[in-house]
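One structure is given here, and the rest of the page talks about it.
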Amino acid sequence: MDSVQMSREILVDLDPDQRAAVTARNEWPLLVAAGPGAGKTRVLTRRIAWLIQATGIPAGHVMALTFTNAAAKEMGERLYDLIGSQAMRCRLSTIHALAARIVRAHAEKVGLTHDFTIFDQDAQLKLAAQVLEREESGIEPADLVRQVSLEKSMLKEPAQLVIENRSQLARAWEQFDEAQTRANGLDFEGLIVKAIELLGHDNIRRGWQNGIRAVLVDEFQDVSEAQFELLRMLIGETGAGLSVIGDEDQSLYSWRGASTALMTGFERHFPECQVINLARNYRSHEAIVGPARRLIEHNNGRRGKELVAHRDHGSAPRYLRVDSEEAEALAIVAWAKDLLRAGESPSEMAVLLRVRSLPLKNELERSLAGAGIAYHAVGSTTLWERSEVRDVLALFHLLANERHMPAFARVFEQIKGIGTKATDAVVQAARKEDKTPLEICREGSVGLGPKRDAAVQAFLERYDHLIALDPDRLGFSGWVGQVISGWGFPDTWKAEKDGRKKRESVVQLYRAADEFEARCAMESTDPTISDWLNELSLHAPQSGKEAERQGLALATIHASKGLEFSHVWLAGFDEGVLPSARSLEEGREDEERRLAYVAITRAKETLTVSSSEYRRGQDSQVSRFATEAGLV
């Protein structure tokens, strides 16, 4: 097929607005405001293909960014179907993965080595706890991690907090960042901040800009100010070559820095930009789109696009007011049974909740299990969050970076005869003497007592055995297997009740190592432990078992974003739940309304909404959103 014919194929089955978005000139910035069910992913991938096939931009000069590895993978698969092997030359990744590449290439300029660690949530919490031990600030580790991440996403610095009379937080933030640097690592938002700092050097910025002619950004409504600044530094002040697509009505992450103002004020940043609205919903019929449209019109500061259903006819949403959470759970089970008897697939059914901790969830899970209805929890604990996998990964993090204090603590305190108290003593000594914990162990300078000293020596012998293993001789995946077995994890788990499940979890690590090694071979790069660990931190894969994802979906609204189901039940539509009481107190009613909007627009054919007269031990009122949407 020649390029002209392929270009025509790219535009097949697009409506006029979608076609305009795909073929818009690359010389101007482009904003595509795409409502739910408007074919956002289709338009984005077709635009990439169009820029390569019709305008002649080399595939290697096209960068497409999104927020999850799953979205980047789906984009790559769709693009491959459109343009074949050229898709493999496009730069498709998450924004944080891009920032990690920039920092890794110039790490010494920001006080790190090229094999620095990306600290996951667990490691950040441990570092924060160590920092706060020395302070009587009253700040909890989780609050410090959350607040620092938010401030970084808004491009603030500790000095600004002092001006705002938040000196305690500023001091804790500085110490937290210093602890990360000593441990040769960064948190996720720190990656963005350091990448911006590096791009502030003219020669580094020009080096990255020279290889880019088009940057496309998915889910633009979820971009923070810091991430936007990174994009602007890559693409240049005029924004030429920048295409963004998103929907401010589906922005759900202000609590982690997402700013709808970047989308609603896009023209202020780029006066020469093109704006194209994709408002036709191909997912749901008018009886579902109508309530969603009426609801979201109550929000302020919108761009003002009006969602239009492609299909006119369908069942009207059903509203149900029940006596209690127990009655709500039984009603949902009866609904699921009726659909199953009618021949509907359980995978086309979803129950959506505002929060995972809602007591209704536990009641519902018991009722579904009692009725023999298969279900799976969307967005529940991922494989990489399981304790046994974290234990194994901590060992690999320590092998890669002996300054990684949280990794050392996790590995060391699990040694028989050691425990938390001895671990804290070694970590404190390392910090005080500015050494690694392993150096402290080898020196024996901390008096732990004869039994513990013997345990430390046994620990060092096992560790040194792993250090002596040769990845070049064993092959990367073979080396990973030798480390896991050499440390004795499988033998330890044999005697445990859930040992089989733990061993099955770690099998996924072997697979991840195999895939990483194969990818490195394809790209002619050497597989390194640091690159593998950082890839895992950035991508956080889900469990690979397909069977675990079958059955009715039980999901929070946040986790359901981007998904669609023929039949949706939105439970807990009460004041104080949706909208949540805390969000109302914090002035985030608009974001709660967006949550309800996202939930309603997940449904393709039928929507049921329920509330309870008695919830969480007290009387409950119908959500204001039910009235605004015209559901009651």
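The way I read the labels, and the way they are meant: chains A, B, ... in the order of the structure tokens, residue 1 as the first residue of every chain, and ligand 1 as the first ligand shown, with later ones counted on from there.
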Item to check | Shell of 12 Å around Val162 (chain A), only C-alpha atoms, local chain residues under 4 positions omitted, as a ChimeraX atom specification | outcome: /A:156-158,166-174
File of the preceding selection, all heavy atoms, as a tab-separated table (two decimals), in the first residue's frame:
chain	number	residue	atom	x	y	z
A	156	LYS	N	6.22	24.78	43.27
A	156	LYS	CA	6.60	25.55	44.45
A	156	LYS	C	7.92	25.02	45.01
A	156	LYS	O	8.35	23.91	44.70
A	156	LYS	CB	5.51	25.47	45.52
A	156	LYS	CG	4.27	26.29	45.21
A	156	LYS	CD	3.34	26.32	46.42
A	156	LYS	CE	2.14	27.21	46.17
A	156	LYS	NZ	1.26	27.29	47.37
A	157	GLU	N	8.54	25.84	45.85
A	157	GLU	CA	9.77	25.46	46.54
A	157	GLU	C	9.59	25.69	48.04
A	157	GLU	O	8.71	26.48	48.45
A	157	GLU	CB	10.95	26.27	46.01
A	157	GLU	CG	11.24	26.00	44.54
A	157	GLU	CD	12.42	26.81	44.03
A	157	GLU	OE1	12.89	27.71	44.78
A	157	GLU	OE2	12.88	26.54	42.90
A	158	PRO	N	10.41	25.06	48.88
A	158	PRO	CA	10.25	25.23	50.33
A	158	PRO	C	10.24	26.69	50.78
A	158	PRO	O	9.49	27.06	51.68
A	158	PRO	CB	11.45	24.47	50.89
A	158	PRO	CG	11.73	23.41	49.88
A	158	PRO	CD	11.43	24.05	48.56
A	166	ARG	N	4.26	28.43	56.61
A	166	ARG	CA	4.25	26.96	56.76
A	166	ARG	C	5.69	26.48	56.91
A	166	ARG	O	6.16	25.61	56.17
A	166	ARG	CB	3.56	26.32	55.55
A	166	ARG	CG	2.06	26.61	55.48
A	166	ARG	CD	1.38	25.71	54.47
A	166	ARG	NE	1.69	26.09	53.10
A	166	ARG	CZ	1.41	25.32	52.04
A	166	ARG	NH1	0.86	24.13	52.21
A	166	ARG	NH2	1.70	25.75	50.82
A	167	SER	N	6.38	27.07	57.87
A	167	SER	CA	7.82	26.81	58.03
A	167	SER	C	8.11	25.37	58.41
A	167	SER	O	9.12	24.79	57.99
A	167	SER	CB	8.41	27.75	59.09
A	167	SER	OG	8.29	29.09	58.66
A	168	GLN	N	7.25	24.77	59.25
A	168	GLN	CA	7.48	23.38	59.66
A	168	GLN	C	7.46	22.44	58.46
A	168	GLN	O	8.32	21.56	58.32
A	168	GLN	CB	6.44	22.95	60.68
A	168	GLN	CG	6.69	23.47	62.09
A	168	GLN	CD	5.75	22.85	63.10
A	168	GLN	OE1	4.59	22.56	62.80
A	168	GLN	NE2	6.23	22.63	64.31
A	169	LEU	N	6.47	22.62	57.59
A	169	LEU	CA	6.40	21.80	56.39
A	169	LEU	C	7.59	22.05	55.49
A	169	LEU	O	8.16	21.12	54.91
A	169	LEU	CB	5.09	22.06	55.64
A	169	LEU	CG	4.90	21.29	54.33
A	169	LEU	CD1	4.93	19.79	54.58
A	169	LEU	CD2	3.58	21.68	53.66
A	170	ALA	N	7.99	23.32	55.36
A	170	ALA	CA	9.13	23.66	54.51
A	170	ALA	C	10.40	22.97	55.01
A	170	ALA	O	11.18	22.41	54.21
A	170	ALA	CB	9.33	25.18	54.48
A	171	ARG	N	10.62	23.00	56.33
A	171	ARG	CA	11.81	22.36	56.90
A	171	ARG	C	11.78	20.85	56.70
A	171	ARG	O	12.78	20.23	56.31
A	171	ARG	CB	11.90	22.70	58.39
A	171	ARG	CG	13.18	22.26	59.05
A	171	ARG	CD	13.42	22.95	60.39
A	171	ARG	NE	12.27	22.85	61.28
A	171	ARG	CZ	11.47	23.88	61.58
A	171	ARG	NH1	11.69	25.07	61.04
A	171	ARG	NH2	10.44	23.72	62.40
A	172	ALA	N	10.61	20.24	56.92
A	172	ALA	CA	10.49	18.79	56.71
A	172	ALA	C	10.68	18.44	55.25
A	172	ALA	O	11.30	17.41	54.91
A	172	ALA	CB	9.12	18.32	57.20
A	173	TRP	N	10.17	19.26	54.35
A	173	TRP	CA	10.32	19.04	52.91
A	173	TRP	C	11.81	19.06	52.54
A	173	TRP	O	12.29	18.17	51.82
A	173	TRP	CB	9.55	20.13	52.17
A	173	TRP	CG	9.66	20.12	50.67
A	173	TRP	CD1	10.42	19.30	49.88
A	173	TRP	CD2	8.99	21.01	49.76
A	173	TRP	NE1	10.26	19.60	48.55
A	173	TRP	CE2	9.39	20.65	48.46
A	173	TRP	CE3	8.10	22.06	49.94
A	173	TRP	CZ2	8.91	21.33	47.33
A	173	TRP	CZ3	7.64	22.72	48.82
A	173	TRP	CH2	8.03	22.36	47.53
A	174	GLU	N	12.54	20.07	53.01
A	174	GLU	CA	13.97	20.16	52.69
A	174	GLU	C	14.72	18.93	53.17
A	174	GLU	O	15.56	18.37	52.46
A	174	GLU	CB	14.56	21.43	53.32
A	174	GLU	CG	14.11	22.71	52.64
A	174	GLU	CD	14.64	23.95	53.33
A	174	GLU	OE1	14.89	23.87	54.56
A	174	GLU	OE2	14.80	24.99	52.66
Per DSSP on the backbone, what are the strand (DSSP E or B) residues of region 231-448 of chain A, as an mmCIF file with N, CA, C and O atoms, in the first residue's frame?
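Here's the written file result01.cif:
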data_model
loop_
_atom_site.group_PDB
_atom_site.id
_atom_site.type_symbol
_atom_site.label_atom_id
_atom_site.label_comp_id
_atom_site.auth_asym_id
_atom_site.auth_seq_id
_atom_site.Cartn_x
_atom_site.Cartn_y
_atom_site.Cartn_z
ATOM 1 N N LEU A 242 2.799 20.884 19.064
ATOM 2 C CA LEU A 242 2.147 20.324 20.251
ATOM 3 C C LEU A 242 0.668 20.047 19.970
ATOM 4 O O LEU A 242 -0.067 20.931 19.511
ATOM 5 N N SER A 243 0.224 18.820 20.244
ATOM 6 C CA SER A 243 -1.189 18.448 20.149
ATOM 7 C C SER A 243 -1.603 17.838 21.478
ATOM 8 O O SER A 243 -0.951 16.904 21.950
ATOM 9 N N VAL A 244 -2.656 18.376 22.078
ATOM 10 C CA VAL A 244 -3.134 17.821 23.349
ATOM 11 C C VAL A 244 -4.604 17.461 23.202
ATOM 12 O O VAL A 244 -5.351 18.114 22.461
ATOM 13 N N ILE A 245 -5.008 16.424 23.911
ATOM 14 C CA ILE A 245 -6.401 15.987 23.853
ATOM 15 C C ILE A 245 -6.856 15.624 25.260
ATOM 16 O O ILE A 245 -6.107 15.031 26.033
ATOM 17 N N GLY A 246 -8.063 16.028 25.596
ATOM 18 C CA GLY A 246 -8.570 15.743 26.927
ATOM 19 C C GLY A 246 -9.953 16.334 27.121
ATOM 20 O O GLY A 246 -10.590 16.800 26.169
ATOM 21 N N ALA A 258 -3.348 18.066 39.317
ATOM 22 C CA ALA A 258 -3.946 18.297 38.002
ATOM 23 C C ALA A 258 -4.666 19.638 37.997
ATOM 24 O O ALA A 258 -5.354 19.998 38.953
ATOM 25 N N GLN A 274 -5.136 26.095 17.590
ATOM 26 C CA GLN A 274 -6.393 25.621 17.015
ATOM 27 C C GLN A 274 -7.146 24.875 18.114
ATOM 28 O O GLN A 274 -6.530 24.146 18.896
ATOM 29 N N VAL A 275 -8.458 25.017 18.169
ATOM 30 C CA VAL A 275 -9.282 24.302 19.134
ATOM 31 C C VAL A 275 -10.380 23.565 18.379
ATOM 32 O O VAL A 275 -11.111 24.168 17.592
ATOM 33 N N ILE A 276 -10.483 22.257 18.616
ATOM 34 C CA ILE A 276 -11.508 21.435 17.964
ATOM 35 C C ILE A 276 -12.250 20.661 19.042
ATOM 36 O O ILE A 276 -11.625 20.026 19.899
ATOM 37 N N ASN A 277 -13.563 20.737 19.019
ATOM 38 C CA ASN A 277 -14.397 20.017 19.984
ATOM 39 C C ASN A 277 -14.883 18.693 19.404
ATOM 40 O O ASN A 277 -15.369 18.654 18.257
ATOM 41 N N LEU A 278 -14.738 17.636 20.176
ATOM 42 C CA LEU A 278 -15.339 16.340 19.837
ATOM 43 C C LEU A 278 -16.419 16.086 20.881
ATOM 44 O O LEU A 278 -16.135 15.623 21.982
ATOM 45 N N ARG A 280 -19.530 14.501 20.173
ATOM 46 C CA ARG A 280 -20.489 13.433 19.842
ATOM 47 C C ARG A 280 -20.106 12.155 20.578
ATOM 48 O O ARG A 280 -19.023 11.622 20.391
ATOM 49 N N ASN A 281 -21.016 11.677 21.413
ATOM 50 C CA ASN A 281 -20.777 10.480 22.215
ATOM 51 C C ASN A 281 -21.273 9.250 21.464
ATOM 52 O O ASN A 281 -22.462 9.119 21.176
ATOM 53 N N TYR A 282 -20.367 8.343 21.138
ATOM 54 C CA TYR A 282 -20.706 7.117 20.406
ATOM 55 C C TYR A 282 -20.933 5.939 21.354
ATOM 56 O O TYR A 282 -21.257 4.850 20.902
ATOM 57 N N ARG A 283 -20.758 6.158 22.639
ATOM 58 C CA ARG A 283 -20.853 5.078 23.607
ATOM 59 C C ARG A 283 -22.283 4.883 24.102
ATOM 60 O O ARG A 283 -22.804 3.780 24.123
ATOM 61 N N SER A 284 -22.905 5.965 24.533
ATOM 62 C CA SER A 284 -24.187 5.889 25.245
ATOM 63 C C SER A 284 -25.310 6.509 24.421
ATOM 64 O O SER A 284 -25.067 7.356 23.558
ATOM 65 N N HIS A 285 -26.538 6.126 24.731
ATOM 66 C CA HIS A 285 -27.692 6.732 24.046
ATOM 67 C C HIS A 285 -28.141 7.987 24.798
ATOM 68 O O HIS A 285 -27.672 8.284 25.915
ATOM 69 N N VAL A 308 -23.349 15.415 22.855
ATOM 70 C CA VAL A 308 -24.475 14.996 22.016
ATOM 71 C C VAL A 308 -24.400 13.492 21.816
ATOM 72 O O VAL A 308 -23.338 12.949 21.494
ATOM 73 N N ALA A 309 -25.520 12.800 22.015
ATOM 74 C CA ALA A 309 -25.549 11.347 21.838
ATOM 75 C C ALA A 309 -25.696 10.993 20.367
ATOM 76 O O ALA A 309 -26.506 11.591 19.651
ATOM 77 N N HIS A 310 -24.930 10.020 19.914
ATOM 78 C CA HIS A 310 -25.047 9.549 18.527
ATOM 79 C C HIS A 310 -26.298 8.697 18.358
ATOM 80 O O HIS A 310 -26.882 8.657 17.277
ATOM 81 N N ARG A 311 -26.718 8.029 19.471
ATOM 82 C CA ARG A 311 -27.925 7.193 19.427
ATOM 83 C C ARG A 311 -29.057 7.881 20.183
ATOM 84 O O ARG A 311 -28.859 8.373 21.296
ATOM 85 N N ARG A 318 -32.623 4.268 35.886
ATOM 86 C CA ARG A 318 -33.512 3.891 36.991
ATOM 87 C C ARG A 318 -32.909 4.383 38.293
ATOM 88 O O ARG A 318 -31.725 4.200 38.556
ATOM 89 N N TYR A 319 -33.734 5.037 39.106
ATOM 90 C CA TYR A 319 -33.282 5.527 40.406
ATOM 91 C C TYR A 319 -33.953 4.720 41.505
ATOM 92 O O TYR A 319 -35.163 4.483 41.461
ATOM 93 N N LEU A 320 -33.156 4.274 42.497
ATOM 94 C CA LEU A 320 -33.682 3.429 43.561
ATOM 95 C C LEU A 320 -33.262 3.988 44.920
ATOM 96 O O LEU A 320 -32.089 4.250 45.172
ATOM 97 N N ARG A 321 -34.246 4.204 45.792
ATOM 98 C CA ARG A 321 -33.996 4.656 47.162
ATOM 99 C C ARG A 321 -34.331 3.498 48.099
ATOM 100 O O ARG A 321 -35.469 3.007 48.119
ATOM 101 N N VAL A 322 -33.330 3.019 48.850
ATOM 102 C CA VAL A 322 -33.524 1.835 49.688
ATOM 103 C C VAL A 322 -33.401 2.214 51.167
ATOM 104 O O VAL A 322 -33.024 3.322 51.520
ATOM 105 N N MET A 349 -20.986 -5.843 33.073
ATOM 106 C CA MET A 349 -21.695 -5.275 34.213
ATOM 107 C C MET A 349 -20.692 -4.669 35.188
ATOM 108 O O MET A 349 -19.622 -5.234 35.422
ATOM 109 N N ALA A 350 -21.044 -3.521 35.762
ATOM 110 C CA ALA A 350 -20.155 -2.867 36.724
ATOM 111 C C ALA A 350 -20.963 -2.198 37.823
ATOM 112 O O ALA A 350 -22.028 -1.625 37.566
ATOM 113 N N VAL A 351 -20.445 -2.285 39.042
ATOM 114 C CA VAL A 351 -20.970 -1.534 40.180
ATOM 115 C C VAL A 351 -19.910 -0.516 40.555
ATOM 116 O O VAL A 351 -18.769 -0.880 40.843
ATOM 117 N N LEU A 352 -20.281 0.766 40.556
ATOM 118 C CA LEU A 352 -19.332 1.842 40.819
ATOM 119 C C LEU A 352 -19.609 2.482 42.176
ATOM 120 O O LEU A 352 -20.759 2.748 42.522
ATOM 121 N N LEU A 353 -18.530 2.732 42.922
ATOM 122 C CA LEU A 353 -18.600 3.328 44.251
ATOM 123 C C LEU A 353 -17.704 4.554 44.311
ATOM 124 O O LEU A 353 -16.684 4.622 43.626
ATOM 125 N N TYR A 375 -17.000 -11.862 40.468
ATOM 126 C CA TYR A 375 -16.706 -10.439 40.356
ATOM 127 C C TYR A 375 -15.211 -10.226 40.541
ATOM 128 O O TYR A 375 -14.492 -11.104 41.019
ATOM 129 N N HIS A 376 -14.743 -9.070 40.137
ATOM 130 C CA HIS A 376 -13.357 -8.705 40.414
ATOM 131 C C HIS A 376 -13.313 -7.228 40.786
ATOM 132 O O HIS A 376 -14.136 -6.438 40.334
ATOM 133 N N ALA A 377 -12.384 -6.884 41.640
ATOM 134 C CA ALA A 377 -12.249 -5.503 42.110
ATOM 135 C C ALA A 377 -11.268 -4.761 41.220
ATOM 136 O O ALA A 377 -10.071 -5.067 41.213
ATOM 137 N N VAL A 378 -11.763 -3.820 40.441
ATOM 138 C CA VAL A 378 -10.912 -3.024 39.558
ATOM 139 C C VAL A 378 -10.120 -2.038 40.398
ATOM 140 O O VAL A 378 -10.667 -1.373 41.274
#
Item to check | Residue contacts of region 550-554 of chain A (12 Å, only C-alpha atoms) excluding same-chain residues fewer than 6 positions away, as a PyMOL selection string | outcome: chain A and resi 332-333+335-337+339-340+344-356+360-362+364-365+368-369+372-380+560+563-571
Please, which residues of region 19-85 of chain A, numbered as in this document, come out helix (DSSP H, G or I) from DSSP, as a PDB file with N, CA and C atoms, in the first residue's frame?
ATOM      1  N   ARG A  19     -12.023  14.045  11.854  1.00  0.00           N
ATOM      2  CA  ARG A  19     -11.116  14.201  10.711  1.00  0.00           C
ATOM      3  C   ARG A  19     -10.356  15.528  10.801  1.00  0.00           C
ATOM      4  N   ALA A  20     -11.049  16.581  11.217  1.00  0.00           N
ATOM      5  CA  ALA A  20     -10.387  17.881  11.354  1.00  0.00           C
ATOM      6  C   ALA A  20      -9.287  17.821  12.408  1.00  0.00           C
ATOM      7  N   ALA A  21      -9.525  17.097  13.497  1.00  0.00           N
ATOM      8  CA  ALA A  21      -8.524  16.972  14.551  1.00  0.00           C
ATOM      9  C   ALA A  21      -7.313  16.171  14.076  1.00  0.00           C
ATOM     10  N   VAL A  22      -7.564  15.125  13.312  1.00  0.00           N
ATOM     11  CA  VAL A  22      -6.483  14.279  12.816  1.00  0.00           C
ATOM     12  C   VAL A  22      -5.593  15.032  11.828  1.00  0.00           C
ATOM     13  N   THR A  23      -6.186  15.836  10.979  1.00  0.00           N
ATOM     14  CA  THR A  23      -5.452  16.462   9.875  1.00  0.00           C
ATOM     15  C   THR A  23      -5.038  17.905  10.146  1.00  0.00           C
ATOM     16  N   LYS A  40     -11.618   9.456  21.578  1.00  0.00           N
ATOM     17  CA  LYS A  40     -10.382  10.180  21.873  1.00  0.00           C
ATOM     18  C   LYS A  40      -9.129   9.398  21.468  1.00  0.00           C
ATOM     19  N   THR A  41      -9.045   8.132  21.872  1.00  0.00           N
ATOM     20  CA  THR A  41      -7.846   7.338  21.580  1.00  0.00           C
ATOM     21  C   THR A  41      -7.709   7.099  20.080  1.00  0.00           C
ATOM     22  N   ARG A  42      -8.853   6.887  19.415  1.00  0.00           N
ATOM     23  CA  ARG A  42      -8.823   6.712  17.965  1.00  0.00           C
ATOM     24  C   ARG A  42      -8.258   7.949  17.283  1.00  0.00           C
ATOM     25  N   VAL A  43      -8.711   9.124  17.696  1.00  0.00           N
ATOM     26  CA  VAL A  43      -8.249  10.363  17.082  1.00  0.00           C
ATOM     27  C   VAL A  43      -6.765  10.576  17.347  1.00  0.00           C
ATOM     28  N   LEU A  44      -6.327  10.318  18.564  1.00  0.00           N
ATOM     29  CA  LEU A  44      -4.924  10.531  18.904  1.00  0.00           C
ATOM     30  C   LEU A  44      -4.007   9.639  18.072  1.00  0.00           C
ATOM     31  N   THR A  45      -4.331   8.351  17.991  1.00  0.00           N
ATOM     32  CA  THR A  45      -3.464   7.447  17.229  1.00  0.00           C
ATOM     33  C   THR A  45      -3.539   7.735  15.732  1.00  0.00           C
ATOM     34  N   ARG A  46      -4.727   8.086  15.237  1.00  0.00           N
ATOM     35  CA  ARG A  46      -4.834   8.434  13.810  1.00  0.00           C
ATOM     36  C   ARG A  46      -4.023   9.701  13.507  1.00  0.00           C
ATOM     37  N   ARG A  47      -4.006  10.652  14.452  1.00  0.00           N
ATOM     38  CA  ARG A  47      -3.222  11.874  14.212  1.00  0.00           C
ATOM     39  C   ARG A  47      -1.723  11.546  14.141  1.00  0.00           C
ATOM     40  N   ILE A  48      -1.251  10.682  15.030  1.00  0.00           N
ATOM     41  CA  ILE A  48       0.157  10.290  14.955  1.00  0.00           C
ATOM     42  C   ILE A  48       0.449   9.667  13.584  1.00  0.00           C
ATOM     43  N   ALA A  49      -0.412   8.745  13.170  1.00  0.00           N
ATOM     44  CA  ALA A  49      -0.219   8.084  11.872  1.00  0.00           C
ATOM     45  C   ALA A  49      -0.263   9.098  10.732  1.00  0.00           C
ATOM     46  N   TRP A  50      -1.166  10.063  10.833  1.00  0.00           N
ATOM     47  CA  TRP A  50      -1.294  11.089   9.781  1.00  0.00           C
ATOM     48  C   TRP A  50      -0.029  11.951   9.701  1.00  0.00           C
ATOM     49  N   LEU A  51       0.486  12.358  10.838  1.00  0.00           N
ATOM     50  CA  LEU A  51       1.691  13.194  10.838  1.00  0.00           C
ATOM     51  C   LEU A  51       2.859  12.462  10.185  1.00  0.00           C
ATOM     52  N   ILE A  52       2.932  11.156  10.389  1.00  0.00           N
ATOM     53  CA  ILE A  52       4.027  10.374   9.812  1.00  0.00           C
ATOM     54  C   ILE A  52       3.790  10.095   8.335  1.00  0.00           C
ATOM     55  N   GLN A  53       2.577   9.638   7.992  1.00  0.00           N
ATOM     56  CA  GLN A  53       2.302   9.215   6.613  1.00  0.00           C
ATOM     57  C   GLN A  53       2.029  10.377   5.661  1.00  0.00           C
ATOM     58  N   ALA A  59       9.077   8.953  12.027  1.00  0.00           N
ATOM     59  CA  ALA A  59       8.442   8.367  13.218  1.00  0.00           C
ATOM     60  C   ALA A  59       9.276   8.587  14.475  1.00  0.00           C
ATOM     61  N   GLY A  60      10.588   8.557  14.352  1.00  0.00           N
ATOM     62  CA  GLY A  60      11.457   8.748  15.500  1.00  0.00           C
ATOM     63  C   GLY A  60      11.434  10.151  16.073  1.00  0.00           C
ATOM     64  N   HIS A  61      10.822  11.089  15.335  1.00  0.00           N
ATOM     65  CA  HIS A  61      10.734  12.474  15.799  1.00  0.00           C
ATOM     66  C   HIS A  61       9.355  12.796  16.366  1.00  0.00           C
ATOM     67  N   ASN A  69       1.161   3.196  31.826  1.00  0.00           N
ATOM     68  CA  ASN A  69       1.823   2.295  30.894  1.00  0.00           C
ATOM     69  C   ASN A  69       0.807   1.553  30.032  1.00  0.00           C
ATOM     70  N   ALA A  70      -0.349   1.222  30.622  1.00  0.00           N
ATOM     71  CA  ALA A  70      -1.385   0.517  29.862  1.00  0.00           C
ATOM     72  C   ALA A  70      -1.870   1.367  28.699  1.00  0.00           C
ATOM     73  N   ALA A  71      -2.050   2.672  28.932  1.00  0.00           N
ATOM     74  CA  ALA A  71      -2.503   3.561  27.860  1.00  0.00           C
ATOM     75  C   ALA A  71      -1.442   3.681  26.771  1.00  0.00           C
ATOM     76  N   ALA A  72      -0.170   3.774  27.174  1.00  0.00           N
ATOM     77  CA  ALA A  72       0.911   3.859  26.189  1.00  0.00           C
ATOM     78  C   ALA A  72       0.988   2.579  25.361  1.00  0.00           C
ATOM     79  N   LYS A  73       0.786   1.435  26.018  1.00  0.00           N
ATOM     80  CA  LYS A  73       0.819   0.158  25.308  1.00  0.00           C
ATOM     81  C   LYS A  73      -0.320   0.056  24.302  1.00  0.00           C
ATOM     82  N   GLU A  74      -1.535   0.462  24.734  1.00  0.00           N
ATOM     83  CA  GLU A  74      -2.676   0.420  23.820  1.00  0.00           C
ATOM     84  C   GLU A  74      -2.443   1.345  22.630  1.00  0.00           C
ATOM     85  N   MET A  75      -1.881   2.519  22.883  1.00  0.00           N
ATOM     86  CA  MET A  75      -1.585   3.454  21.809  1.00  0.00           C
ATOM     87  C   MET A  75      -0.622   2.835  20.805  1.00  0.00           C
ATOM     88  N   GLY A  76       0.413   2.176  21.327  1.00  0.00           N
ATOM     89  CA  GLY A  76       1.390   1.541  20.442  1.00  0.00           C
ATOM     90  C   GLY A  76       0.784   0.432  19.607  1.00  0.00           C
ATOM     91  N   GLU A  77      -0.106  -0.369  20.205  1.00  0.00           N
ATOM     92  CA  GLU A  77      -0.746  -1.460  19.467  1.00  0.00           C
ATOM     93  C   GLU A  77      -1.648  -0.927  18.358  1.00  0.00           C
ATOM     94  N   ARG A  78      -2.423   0.103  18.673  1.00  0.00           N
ATOM     95  CA  ARG A  78      -3.290   0.694  17.644  1.00  0.00           C
ATOM     96  C   ARG A  78      -2.465   1.323  16.522  1.00  0.00           C
ATOM     97  N   LEU A  79      -1.376   1.962  16.910  1.00  0.00           N
ATOM     98  CA  LEU A  79      -0.534   2.610  15.909  1.00  0.00           C
ATOM     99  C   LEU A  79       0.130   1.578  15.011  1.00  0.00           C
ATOM    100  N   TYR A  80       0.519   0.453  15.581  1.00  0.00           N
ATOM    101  CA  TYR A  80       1.124  -0.608  14.774  1.00  0.00           C
ATOM    102  C   TYR A  80       0.135  -1.120  13.726  1.00  0.00           C
ATOM    103  N   ASP A  81      -1.131  -1.238  14.115  1.00  0.00           N
ATOM    104  CA  ASP A  81      -2.156  -1.672  13.168  1.00  0.00           C
ATOM    105  C   ASP A  81      -2.315  -0.679  12.020  1.00  0.00           C
ATOM    106  N   LEU A  82      -2.005   0.590  12.278  1.00  0.00           N
ATOM    107  CA  LEU A  82      -2.175   1.623  11.260  1.00  0.00           C
ATOM    108  C   LEU A  82      -0.953   1.764  10.348  1.00  0.00           C
ATOM    109  N   ILE A  83       0.258   1.766  10.923  1.00  0.00           N
ATOM    110  CA  ILE A  83       1.448   2.081  10.120  1.00  0.00           C
ATOM    111  C   ILE A  83       2.542   1.020  10.228  1.00  0.00           C
ATOM    112  N   GLY A  84       2.236  -0.106  10.846  1.00  0.00           N
ATOM    113  CA  GLY A  84       3.195  -1.201  10.886  1.00  0.00           C
ATOM    114  C   GLY A  84       4.421  -0.897  11.721  1.00  0.00           C
ATOM    115  N   SER A  85       5.581  -1.343  11.265  1.00  0.00           N
ATOM    116  CA  SER A  85       6.805  -1.287  12.064  1.00  0.00           C
ATOM    117  C   SER A  85       7.278   0.131  12.357  1.00  0.00           C
TER     118      SER A  85
END
Item to check | Option closest in space to Ala226 (chain A), from A:Ile467, A:Ala99, A:Met63, A:Ile139 [counting only C-alpha atoms] | outcome: A:Ala99
Could you give me, as a compact mmCIF listing (two decimals) with C-alpha atoms, in the first residue's frame, the residues within 10 Å of region 420-435 of chain A, counting only C-alpha atoms and dropping anything in the same chain fewer than 5 positions from it?
# COMPACT_ATOMS: atom_id res chain seq x y z
CA GLN A 130 12.94 8.70 59.34
CA ALA A 179 17.36 12.24 52.51
CA ARG A 182 21.69 10.92 50.10
CA GLU A 402 23.48 0.41 48.63
CA ARG A 403 22.47 3.92 49.74
CA MET A 405 17.92 3.16 53.19
CA PRO A 406 14.28 1.97 52.91
CA PHE A 408 18.04 -1.96 53.38
CA ALA A 409 15.57 -1.64 56.26
CA ARG A 410 13.00 -3.89 54.57
CA VAL A 411 15.60 -6.58 53.81
CA PHE A 412 17.54 -6.37 57.07
CA GLU A 413 14.69 -6.39 59.57
CA GLN A 414 13.37 -9.67 58.14
CA ILE A 415 16.60 -11.52 58.91
CA ILE A 440 28.11 0.00 59.24
CA CYS A 441 27.33 -3.74 59.25
CA GLY A 444 30.50 -3.93 63.32
CA SER A 445 30.53 -0.51 64.95
CA VAL A 446 27.00 -0.84 66.35
CA GLY A 447 26.91 -3.14 69.37
CA LEU A 448 23.89 -5.34 68.71
CA GLY A 449 24.89 -8.22 71.00
CA ARG A 452 22.53 -10.34 66.49
